[in-house]
>>> print(open('start_39.cif').read())   # mmCIF, C-alpha atoms and all ligand atoms
data_query
loop_
_atom_site.label_atom_id
_atom_site.label_comp_id
_atom_site.auth_asym_id
_atom_site.auth_seq_id
_atom_site.Cartn_x
_atom_site.Cartn_y
_atom_site.Cartn_z
CA LEU A 11 88.31 92.85 85.20
CA ASN A 12 89.34 89.32 85.61
CA LEU A 13 92.54 90.24 84.00
CA ALA A 14 93.70 86.77 83.20
CA ALA A 15 92.28 87.41 79.75
CA LYS A 16 93.97 90.77 79.31
CA SER A 17 97.39 89.91 80.57
CA ALA A 18 100.02 87.29 80.06
CA ARG A 19 99.94 86.76 83.81
CA LYS A 20 97.01 85.71 85.92
CA LEU A 21 96.64 88.88 87.89
CA TYR A 22 93.32 89.65 89.45
CA LEU A 23 91.56 92.98 89.65
CA GLY A 24 89.48 93.11 92.79
CA THR A 25 87.49 95.54 94.86
CA ALA A 26 86.50 96.19 98.44
CA THR A 27 82.79 96.07 99.09
CA ASN A 28 80.08 96.28 101.76
CA SER A 29 77.02 94.11 101.27
CA GLU A 30 74.70 96.99 102.34
CA GLN A 31 75.52 98.43 98.95
CA TRP A 32 74.27 95.40 97.08
CA ASN A 33 70.64 96.49 96.81
CA ASP A 34 72.00 99.20 94.51
CA THR A 35 71.53 97.07 91.41
CA THR A 36 73.79 99.13 89.16
CA TYR A 37 76.54 98.66 91.72
CA PHE A 38 75.87 94.97 92.23
CA ASN A 39 75.79 94.18 88.52
CA ILE A 40 79.27 95.61 88.07
CA LEU A 41 80.57 93.96 91.23
CA LYS A 42 79.38 90.50 90.31
CA ASN A 43 80.58 90.69 86.71
CA ASN A 44 83.62 88.43 86.49
CA ALA A 45 84.73 90.33 83.42
CA GLU A 46 85.37 93.26 85.79
CA PHE A 47 86.35 91.75 89.13
CA GLY A 48 87.99 88.46 90.01
CA GLN A 49 88.55 89.23 93.69
CA VAL A 50 86.70 90.83 96.61
CA THR A 51 87.75 92.19 100.00
CA PRO A 52 85.11 92.91 102.66
CA ALA A 53 85.61 96.58 103.60
CA ASN A 54 84.27 96.23 107.13
CA VAL A 55 82.44 93.04 108.08
CA MET A 56 85.42 90.85 108.92
CA LYS A 57 86.94 93.43 111.24
CA TRP A 58 87.15 92.82 114.98
CA PHE A 59 84.09 94.92 115.95
CA ALA A 60 81.98 92.87 113.54
CA THR A 61 83.36 89.40 114.24
CA GLU A 62 83.84 89.39 118.02
CA PRO A 63 81.42 92.07 119.28
CA GLU A 64 81.40 90.54 122.78
CA GLU A 65 84.43 88.94 124.35
CA GLY A 66 84.70 85.37 123.12
CA VAL A 67 81.46 85.61 121.09
CA PHE A 68 82.07 85.24 117.38
CA THR A 69 79.62 86.42 114.71
CA PHE A 70 80.34 85.47 111.14
CA GLN A 71 76.96 86.08 109.46
CA ASP A 72 77.85 89.37 107.78
CA GLY A 73 81.22 88.11 106.62
CA ASP A 74 79.59 84.92 105.37
CA ILE A 75 77.41 86.96 103.02
CA ILE A 76 80.52 88.15 101.23
CA ALA A 77 82.32 84.80 101.47
CA ASP A 78 79.28 83.01 100.02
CA PHE A 79 79.08 85.57 97.21
CA THR A 80 82.71 84.98 96.26
CA LYS A 81 82.18 81.23 96.33
CA LYS A 82 79.11 81.49 94.12
CA THR A 83 80.74 83.83 91.63
CA GLY A 84 84.13 82.13 91.62
CA LYS A 85 85.98 85.20 92.86
CA LEU A 86 88.95 85.19 95.22
CA LEU A 87 88.32 86.38 98.78
CA ARG A 88 90.75 88.43 100.82
CA GLY A 89 90.15 88.32 104.57
CA HIS A 90 90.46 91.78 106.13
CA ASN A 91 91.63 91.82 108.86
CA CYS A 92 92.71 90.00 112.04
CA VAL A 93 94.59 92.61 114.11
CA TRP A 94 94.16 96.36 113.62
CA HIS A 95 94.06 99.28 116.06
CA ASN A 96 90.88 100.65 114.48
CA GLN A 97 87.25 99.48 114.51
CA LEU A 98 87.72 97.42 117.65
CA PRO A 99 84.74 96.33 119.74
CA ASP A 100 84.00 98.40 122.86
CA TRP A 101 84.94 95.61 125.24
CA LEU A 102 88.45 95.54 123.78
CA GLU A 103 88.75 99.30 123.35
CA THR A 104 87.78 100.10 126.92
CA GLY A 105 88.92 96.97 128.77
CA THR A 106 92.09 96.50 130.77
CA PHE A 107 94.02 93.35 129.99
CA SER A 108 97.25 91.88 131.26
CA ALA A 109 99.79 90.73 128.68
CA PRO A 110 98.85 87.04 129.04
CA GLU A 111 95.15 87.90 128.79
CA LEU A 112 95.62 89.97 125.65
CA ALA A 113 97.93 87.37 124.11
CA PHE A 114 95.16 84.81 124.54
CA ILE A 115 92.58 87.23 123.12
CA VAL A 116 94.68 87.96 120.02
CA SER A 117 95.39 84.28 119.38
CA ARG A 118 91.79 83.25 119.86
CA HIS A 119 90.51 86.02 117.59
CA CYS A 120 92.93 85.24 114.75
CA PHE A 121 92.46 81.51 115.09
CA ASN A 122 88.66 81.66 115.01
CA LEU A 123 88.51 84.10 112.12
CA VAL A 124 90.95 82.30 109.86
CA ASN A 125 89.57 78.90 110.88
CA HIS A 126 86.06 79.95 109.86
CA TYR A 127 87.05 81.24 106.41
CA GLN A 128 89.21 78.39 105.15
CA GLY A 129 91.55 78.60 102.23
CA HIS A 130 91.89 82.31 101.76
CA VAL A 131 94.32 85.17 101.91
CA TRP A 132 94.37 87.19 105.14
CA ASP A 133 95.56 90.61 106.17
CA VAL A 134 96.62 89.25 109.54
CA ILE A 135 98.41 92.38 110.71
CA ASN A 136 97.10 95.74 109.54
CA GLU A 137 98.86 99.10 109.94
CA ALA A 138 101.36 98.15 112.66
CA PHE A 139 103.76 101.02 111.90
CA ASN A 140 103.92 104.78 112.18
CA ASP A 141 105.15 106.69 109.14
CA ASP A 142 108.61 107.15 110.72
CA GLY A 143 109.03 103.38 110.95
CA THR A 144 108.45 103.05 114.68
CA PHE A 145 105.75 100.68 115.86
CA ARG A 146 102.32 102.17 116.32
CA SER A 147 101.27 102.64 119.90
CA ASP A 148 97.98 100.81 120.31
CA ILE A 149 96.49 98.32 122.73
CA PHE A 150 98.43 95.47 121.12
CA PHE A 151 101.88 97.05 121.03
CA ASP A 152 101.47 98.82 124.35
CA THR A 153 100.57 95.57 126.10
CA LEU A 154 102.56 92.97 124.19
CA ASN A 155 105.27 94.93 122.40
CA THR A 156 105.90 93.28 119.02
CA THR A 157 105.09 89.78 120.30
CA TYR A 158 101.48 90.16 119.14
CA ILE A 159 102.70 89.93 115.54
CA PRO A 160 104.13 86.37 115.62
CA LEU A 161 101.29 85.38 117.96
CA ALA A 162 98.70 86.44 115.41
CA LEU A 163 100.59 84.84 112.52
CA TYR A 164 101.07 81.52 114.33
CA ALA A 165 97.39 81.43 115.30
CA ALA A 166 96.37 82.10 111.70
CA ARG A 167 98.70 79.41 110.38
CA ALA A 168 97.42 76.88 112.91
CA ALA A 169 93.83 77.74 111.95
CA ASP A 170 94.38 77.23 108.24
CA PRO A 171 97.72 76.01 106.90
CA LYS A 172 96.59 76.81 103.33
CA ALA A 173 95.81 80.47 103.92
CA LYS A 174 98.29 83.07 102.72
CA LEU A 175 99.21 85.35 105.61
CA TYR A 176 99.94 89.01 104.98
CA ILE A 177 101.07 92.13 106.74
CA ASN A 178 99.22 95.09 105.20
CA ASP A 179 99.97 98.80 105.53
CA PHE A 180 99.82 102.25 103.91
CA ASN A 181 102.74 104.53 103.06
CA ILE A 182 104.94 101.48 102.53
CA GLU A 183 104.48 101.60 98.75
CA GLY A 184 107.72 103.50 98.12
CA ILE A 185 111.15 102.96 99.60
CA GLY A 186 111.50 104.92 102.86
CA ALA A 187 111.57 104.72 106.63
CA LYS A 188 108.28 102.88 106.93
CA SER A 189 108.94 100.25 104.24
CA ASP A 190 112.47 99.81 105.64
CA ALA A 191 111.03 99.12 109.07
CA LEU A 192 108.63 96.57 107.61
CA LYS A 193 111.50 94.90 105.73
CA SER A 194 113.43 94.61 109.02
CA LEU A 195 110.41 93.06 110.68
CA ILE A 196 109.97 90.60 107.81
CA LYS A 197 113.63 89.57 108.03
CA GLU A 198 113.29 89.00 111.73
CA LEU A 199 110.10 86.98 111.36
CA LYS A 200 111.66 84.92 108.57
CA SER A 201 114.82 84.29 110.62
CA GLN A 202 112.63 82.88 113.37
CA ASN A 203 110.53 80.82 110.97
CA VAL A 204 107.38 82.75 111.84
CA PRO A 205 104.79 82.11 109.11
CA ILE A 206 104.49 85.11 106.78
CA ASP A 207 103.63 84.91 103.09
CA GLY A 208 103.06 88.38 101.81
CA VAL A 209 103.02 92.14 102.10
CA GLY A 210 99.95 94.14 101.15
CA LEU A 211 100.60 97.63 99.84
CA GLN A 212 97.39 99.52 100.49
CA SER A 213 98.11 102.25 97.93
CA HIS A 214 95.82 105.10 98.94
CA PHE A 215 97.47 107.66 96.68
CA GLU A 216 96.96 111.27 95.63
CA VAL A 217 96.90 112.08 91.93
CA GLY A 218 100.52 112.61 90.83
CA GLY A 219 101.74 110.98 94.02
CA VAL A 220 102.52 107.39 93.08
CA PRO A 221 105.98 106.74 94.53
CA PRO A 222 108.55 106.26 91.74
CA THR A 223 110.13 103.42 93.72
CA LEU A 224 106.92 101.35 93.85
CA GLN A 225 108.13 98.54 91.60
CA GLN A 226 111.63 98.40 93.08
CA ASN A 227 110.12 98.35 96.55
CA MET A 228 107.84 95.43 95.66
CA GLU A 229 110.85 93.62 94.22
CA GLU A 230 112.67 94.14 97.52
CA PHE A 231 109.80 92.58 99.45
CA VAL A 232 109.77 89.68 97.00
CA ALA A 233 113.53 89.27 97.48
CA LEU A 234 112.80 88.58 101.15
CA GLY A 235 110.82 85.52 100.07
CA LEU A 236 107.31 87.00 99.96
CA GLU A 237 104.56 87.68 97.50
CA VAL A 238 103.03 91.14 97.32
CA ALA A 239 99.63 92.60 96.43
CA ILE A 240 98.17 96.05 95.87
CA THR A 241 95.36 95.78 98.41
CA GLU A 242 93.41 99.06 98.69
CA LEU A 243 94.08 101.16 95.63
CA ASP A 244 92.48 104.56 95.14
CA ILE A 245 94.01 107.73 93.72
CA ARG A 246 92.29 110.87 94.94
CA PHE A 247 92.17 114.47 93.86
CA THR A 248 93.05 116.80 96.71
CA ALA A 249 91.02 119.55 95.05
CA LEU A 250 87.76 119.13 93.17
CA PRO A 251 86.54 119.13 90.50
CA PRO A 252 89.36 117.54 88.53
CA THR A 253 90.66 119.23 85.38
CA PRO A 254 91.10 117.29 82.13
CA ALA A 255 94.85 117.32 82.78
CA GLY A 256 94.19 115.94 86.25
CA LEU A 257 92.09 113.11 84.88
CA ALA A 258 94.87 112.28 82.42
CA GLN A 259 97.37 112.20 85.29
CA GLN A 260 95.04 109.97 87.31
CA LYS A 261 94.75 107.60 84.35
CA ALA A 262 98.56 107.50 84.07
CA ASP A 263 98.81 106.87 87.82
CA TYR A 264 96.41 103.92 87.73
CA GLU A 265 98.35 102.53 84.79
CA THR A 266 101.66 102.97 86.63
CA VAL A 267 100.43 101.05 89.67
CA VAL A 268 98.89 98.18 87.72
CA ALA A 269 101.88 97.97 85.37
CA ALA A 270 104.25 97.84 88.35
CA CYS A 271 102.34 94.90 89.79
CA ASN A 272 102.23 93.29 86.38
CA ALA A 273 106.00 93.62 86.06
CA VAL A 274 106.69 91.87 89.36
CA PRO A 275 106.00 88.15 88.92
CA LYS A 276 105.15 87.71 92.60
CA CYS A 277 102.67 90.57 92.67
CA VAL A 278 99.43 88.61 92.67
CA GLY A 279 96.88 91.31 91.93
CA VAL A 280 95.33 94.70 92.47
CA THR A 281 92.35 95.49 94.69
CA LEU A 282 90.48 98.80 94.47
CA TRP A 283 89.17 100.21 97.75
CA ASP A 284 85.77 100.14 96.17
CA PHE A 285 85.34 100.90 92.51
CA THR A 286 82.89 103.81 92.58
CA ASP A 287 83.08 107.19 94.30
CA LYS A 288 79.53 106.56 95.45
CA TYR A 289 80.86 104.29 98.18
CA SER A 290 84.41 105.56 98.58
CA TRP A 291 85.70 106.25 102.10
CA ILE A 292 87.65 109.31 100.89
CA PRO A 293 85.13 112.18 101.17
CA GLY A 294 84.21 111.09 104.70
CA THR A 295 87.84 111.19 105.82
CA PHE A 296 89.25 113.93 103.58
CA PRO A 297 86.46 116.49 103.10
CA GLY A 298 86.71 118.26 99.76
CA GLN A 299 88.83 115.50 98.25
CA GLY A 300 87.81 112.52 96.16
CA ASP A 301 86.96 111.35 92.64
CA ALA A 302 89.47 108.66 93.51
CA CYS A 303 87.84 105.61 91.94
CA PRO A 304 87.75 104.40 88.33
CA TRP A 305 83.94 104.68 88.29
CA THR A 306 82.21 107.98 89.14
CA ASP A 307 79.37 108.12 91.67
CA GLU A 308 77.05 107.68 88.70
CA PHE A 309 78.92 104.61 87.53
CA VAL A 310 80.55 106.28 84.55
CA LYS A 311 84.03 104.95 83.86
CA ARG A 312 86.76 107.57 84.18
CA PRO A 313 89.92 107.60 82.05
CA ALA A 314 91.44 105.83 85.08
CA TYR A 315 89.64 102.68 84.00
CA GLU A 316 91.48 102.73 80.67
CA GLY A 317 94.69 103.24 82.64
CA ILE A 318 94.01 100.02 84.50
CA ILE A 319 93.46 98.15 81.22
CA GLU A 320 96.69 99.56 79.81
CA GLY A 321 98.57 98.57 82.97
CA PHE A 322 97.41 95.00 82.65
CA LYS A 323 98.39 94.86 79.01
CA ALA A 324 101.80 96.33 79.66
CA HIS A 325 103.66 93.16 80.33
O1 LIG B 401 77.95 101.36 110.63
C1 LIG B 401 77.92 102.71 111.10
C2 LIG B 401 76.54 103.27 110.98
O2 LIG B 401 75.65 102.54 111.81
C3 LIG B 401 76.57 104.75 111.40
O3 LIG B 401 75.30 105.31 111.20
C4 LIG B 401 77.60 105.49 110.58
C5 LIG B 401 77.72 106.94 111.01
O4 LIG B 401 79.03 107.44 110.87
O5 LIG B 401 78.86 104.89 110.73
C6 LIG B 401 78.90 103.54 110.30
O6 LIG B 401 80.18 103.05 110.51
C7 LIG B 401 81.15 103.47 109.57
C8 LIG B 401 81.80 102.21 108.99
O7 LIG B 401 82.84 102.58 108.12
C9 LIG B 401 80.81 101.33 108.22
O8 LIG B 401 80.32 102.03 107.11
C10 LIG B 401 82.19 104.31 110.28
O9 LIG B 401 81.63 105.52 110.70
C11 LIG B 401 83.35 104.59 109.34
O10 LIG B 401 84.38 105.23 110.07
C12 LIG B 401 83.87 103.29 108.77
O11 LIG B 401 84.90 103.62 107.84
C13 LIG B 401 85.68 102.54 107.42
C14 LIG B 401 87.14 102.81 107.76
O12 LIG B 401 87.95 101.78 107.25
C15 LIG B 401 87.37 102.91 109.26
O13 LIG B 401 88.67 103.37 109.50
C16 LIG B 401 85.55 102.43 105.91
O14 LIG B 401 84.21 102.05 105.58
C17 LIG B 401 86.54 101.42 105.35
O15 LIG B 401 86.51 101.48 103.95
C18 LIG B 401 87.94 101.78 105.84
O16 LIG B 401 88.86 100.85 105.34
C19 LIG B 401 90.22 101.05 105.72
C20 LIG B 401 90.87 99.69 105.75
O17 LIG B 401 90.15 98.81 106.57
C21 LIG B 401 92.33 99.78 106.22
N1 LIG B 401 93.07 100.72 105.42
C22 LIG B 401 92.47 102.03 105.26
C23 LIG B 401 91.03 101.92 104.73
C24 LIG B 401 90.42 103.29 104.50
O18 LIG B 401 90.29 103.99 105.68
#
>>> encode(input="start_39.cif", output="structure tokens")
Amino acid sequence: LNLAAKSARKLYLGTATNSEQWNDTTYFNILKNNAEFGQVTPANVMKWFATEPEEGVFTFQDGDIIADFTKKTGKLLRGHNCVWHNQLPDWLETGTFSAPELAFIVSRHCFNLVNHYQGHVWDVINEAFNDDGTFRSDIFFDTLNTTYIPLALYAARAADPKAKLYINDFNIEGIGAKSDALKSLIKELKSQNVPIDGVGLQSHFEVGGVPPTLQQNMEEFVALGLEVAITELDIRFTALPPTPAGLAQQKADYETVVAACNAVPKCVGVTLWDFTDKYSWIPGTFPGQGDACPWTDEFVKRPAYEGIIEGFKAH
């Protein structure tokens, strides 16, 4: 839904997508419909493995397919992502790099990516924290400590001064150790004038598990001088099939999330991590769980879809 029409505020509803899915015409017709989606995030093709498969060799063709689609259809594009521990190319995964070498590699990667896709929003840093609020041990932190974060942000800013730069993570949707740690990082970055514009709350929830502090937490990020976005929403059943009561709860949960964003003036929109179970990542990662999307695998709208509509109307 391009929810501008449904809401007093110009929030977008968006979705993640992979272009391999686009020859599924039922899927593609829903995706391209601007009455449903005003924003798109590439689920995989802008990640490091896809954009710099060999050291210093950049490949943008697959990402361009999605960028061109958003241009043609007038949808917003969210770049995903510059620096993440997962889905790295082999050369980076298996290589040994000194701190100066890796610093150069991170800067070059972020610069080239953001420079290529001008004028968009970027998840520059993805999933930098553990759930207890400590920094995740990965090639970036282990080699550069936290310095890779400002490095990546500065490179992105230099590449495109207009792009909104985000830090994106999961389990930061409610107030707790992990969101506290991110708030501390944001304060530190801000105090050093490091460019940072927003926090992305991924929002991979379980039915009944939307944190009650979601809205307050978003307001706290906004109070630090940022905008926020719900970037990867899905709400899964941990046991299948869902009961009617479960589907009602899921509908209420979708409404709660969208209404929370709607209630926070600097929450810019909500992105689903794909809109149909047919292409959801959940069953592959959590066997036996799923039915997390507003559309079933046969493209039937669940009550959750109505919940989204209600959430957009709420304000
Ligand atoms: O492309 C290969 C294909 O050639 C091969 O035959 C197949 C066999 O497994 O794998 C394919 O790669 C898969 C890739 O998606 C592309 O479809 C990987 O196995 C699979 O692990 C990978 O999953 C992606 C996942 O990130 C990786 O962690 C999901 O599609 C993607 O939706 C998911 O997205 C992440 C966000 O980026 C960050 N936040 C969490 C979110 C969900 O995990």
>>> closest_residue(input="start_39.cif", among="A:Lys197, A:Arg246, A:Lys188, A:His90", to="ligand LIG 401 (chain B)", atoms="only C-alpha atoms and all ligand atoms")
A:His90
>>> residues_near_ligand(input="start_39.cif", ligand="ligand LIG 401 (chain B)", cutoff="10 Å", atoms="only C-alpha atoms and all ligand atoms", output="VMD selection string")
chain A and resid 26 to 28 30 51 to 57 60 90 to 91 94 to 97 133 136 to 137 178 to 180 211 to 214 241 to 244 283 to 284 289 to 292 294 to 295
>>> atom_distance(input="start_39.cif", atom1="CA of Tyr22 (chain A)", atom2="CA of Leu224 (chain A)")
18.5 Å
>>> residues_around(input="start_39.cif", residues="Ser147 (chain A)", least_positions_apart="2", cutoff="12 Å", atoms="only C-alpha atoms", output="number ranges by chain")
A: 94-96, 137-140, 143-145, 149-156
>>> residues_near_point(input="start_39.cif", point="(97.8, 80.8, 103.8)", cutoff="9 Å", atoms="only C-alpha atoms", output="list of chain:residue names")
A:Gly129, A:His130, A:Val131, A:Trp132, A:Ala166, A:Arg167, A:Asp170, A:Pro171, A:Lys172, A:Ala173, A:Lys174, A:Leu175, A:Tyr176, A:Pro205, A:Ile206, A:Asp207
>>> closest_residue(input="start_39.cif", among="A:Arg146, A:His119, A:Lys42, A:Arg312", to="Ile245 (chain A)", atoms="only C-alpha atoms")
A:Arg312
>>> residues_around(input="start_39.cif", residues="Ile240 (chain A)", least_positions_apart="6", cutoff="9 Å", atoms="all atoms listed in the file", output="list in words")
Glu183, Val209, Gly210, Leu211, Gln212, Ser213, Val267, Val268, Cys271, Cys277, Val278, Gly279, Val280, Thr281 and Leu282 of chain A
>>> closest_residue(input="start_39.cif", among="A:Lys20, A:Glu111, A:Pro222, A:Phe231", to="Leu192 (chain A)", atoms="only C-alpha atoms")
A:Phe231
>>> axis_aligned_box(input="start_39.cif", around="region 205-218 of chain A", padding_each_side="4 Å", output="JSON")
{"center_x": 100.3, "center_y": 97.4, "center_z": 100.0, "size_x": 17.0, "size_y": 38.5, "size_z": 26.3}
